[in-house]
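K.L.:
Quick one: structure below, then a few questions.
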Amino acid sequence: MVLRVNGEPREVRAETVAGLLDELGYEGGFFAVAVNAAVIRRTTWDEAKLSDGDEIEIVTPRQGG
C-alpha cells in the first residue's frame, strides 16, 4: 500500500503502526506517531491498522534552544 510518511509517499507492506515503524527502521521509543492527524497511543501501535492513502507523521524530540 502507499502511505504518505512525513510528507513523502512510501510504498510499504506494514499493516499496523508498529509494523510500519519496524519496516522504516525506527528503534527505541522517543517519538510520537499520528495517523491522519490523530495521535496514536504507544500502547495501541500493535493494533492500530493502516489503510492505503493514510497520512503518517512520525515526530522525534529535538534539543536546542
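To be explicit about the labels: the chains of the C-alpha cells are called A, B, and onward in the order shown, and within each one the residues are counted from 1, while ligands get numbers from 1 in the order they are shown.
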Can you tell me, as a VMD selection string, what residues are no more than 9 Å from Gly53 in chain A when counting only C-alpha atoms, ignoring any on the same chain fewer than 4 positions away?
P.N.:
chain A and resid 1 to 4 9
K.L.:
Restricting the output to C-alpha atoms, write the selected residues as a PDB file, in the first residue's frame.
P.N.:
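What landed in again_12.pdb:
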ATOM      1  CA  MET A   1       0.000   0.000   0.000  1.00  0.00           C
ATOM      2  CA  VAL A   2       1.070   3.601  -0.401  1.00  0.00           C
ATOM      3  CA  LEU A   3       1.187   5.889   2.626  1.00  0.00           C
ATOM      4  CA  ARG A   4       2.369   9.464   2.984  1.00  0.00           C
ATOM      5  CA  PRO A   9       4.852   8.943  -0.449  1.00  0.00           C
TER       6      PRO A   9
END
K.L.:
Please report, as a list in words, each residue of range 20-54 of chain A to which DSSP assigns alpha helix (DSSP H) when run on this structure's backbone.
P.N.:
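Reading the DSSP output for range 20-54 of chain A, alpha helix (DSSP H) covers Leu20, Leu21, Asp22, Glu23 and Leu24 of chain A.
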K.L.:
For N, CA and C atoms, I'd like the residues from the last selection saved as a compact mmCIF listing (two decimals), in the first residue's frame.
P.N.:
# COMPACT_ATOMS: atom_id res chain seq x y z
N LEU A 20 4.90 -0.59 10.62
CA LEU A 20 5.48 0.48 9.82
C LEU A 20 6.77 0.99 10.44
N LEU A 21 6.74 1.22 11.75
CA LEU A 21 7.94 1.70 12.43
C LEU A 21 9.08 0.70 12.29
N ASP A 22 8.76 -0.57 12.40
CA ASP A 22 9.77 -1.61 12.24
C ASP A 22 10.31 -1.60 10.79
N GLU A 23 9.41 -1.54 9.83
CA GLU A 23 9.81 -1.55 8.43
C GLU A 23 10.68 -0.34 8.07
N LEU A 24 10.41 0.79 8.69
CA LEU A 24 11.17 2.01 8.41
C LEU A 24 12.45 2.12 9.24
K.L.:
Can you pull out every residue within 6 Å of Glu57 in chain A, counting only C-alpha atoms, but drop anything in the same chain fewer than 4 positions away, and send it as a ChimeraX atom specification?
P.N.:
/A:5-6,33-34
K.L.:
Next, write the just-selected residues to a file, as a PDB file, in the first residue's frame, keeping C-alpha atoms as the atom set.
P.N.:
ATOM      1  CA  VAL A   5       5.027   9.398   5.722  1.00  0.00           C
ATOM      2  CA  ASN A   6       6.239  12.782   6.945  1.00  0.00           C
ATOM      3  CA  VAL A  33       3.032   8.921  15.727  1.00  0.00           C
ATOM      4  CA  ALA A  34      -0.075  10.469  14.209  1.00  0.00           C
TER       5      ALA A  34
END
K.L.:
Considering only C-alpha atoms, state which residue in the set A:Ile40, A:Ala32, A:Ala48, A:Val59 is at the smallest distance from Gly7 in chain A.
P.N.:
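Of A:Ile40, A:Ala32, A:Ala48, A:Val59, the one nearest Gly7 in chain A is A:Val59, counting only C-alpha atoms.
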K.L.:
So how many Å separate CA of Gly19 in chain A and CA of Asp52 in chain A, to one decimal?
P.N.:
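Result for CA of Gly19 in chain A versus CA of Asp52 in chain A: 14.4 Å, one decimal.
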K.L.:
Of the residues A:Gln63, A:Gly25, A:Asp54, A:Ala18, which is the one nearest to Arg41 in chain A, using only C-alpha atoms?
P.N.:
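Residue with the minimum atom-to-atom distance to Arg41 in chain A: A:Ala18.
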K.L.:
Looking only at the backbone, which of the residues in range 14-64 of chain A does DSSP tag as strand (DSSP E), as a list in words?
P.N.:
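Filtering range 14-64 of chain A to strand (DSSP E) leaves Ala32, Val33, Ala34, Val35, Ala38, Val39, Ile40, Glu55, Ile56, Glu57, Ile58 and Val59 of chain A.
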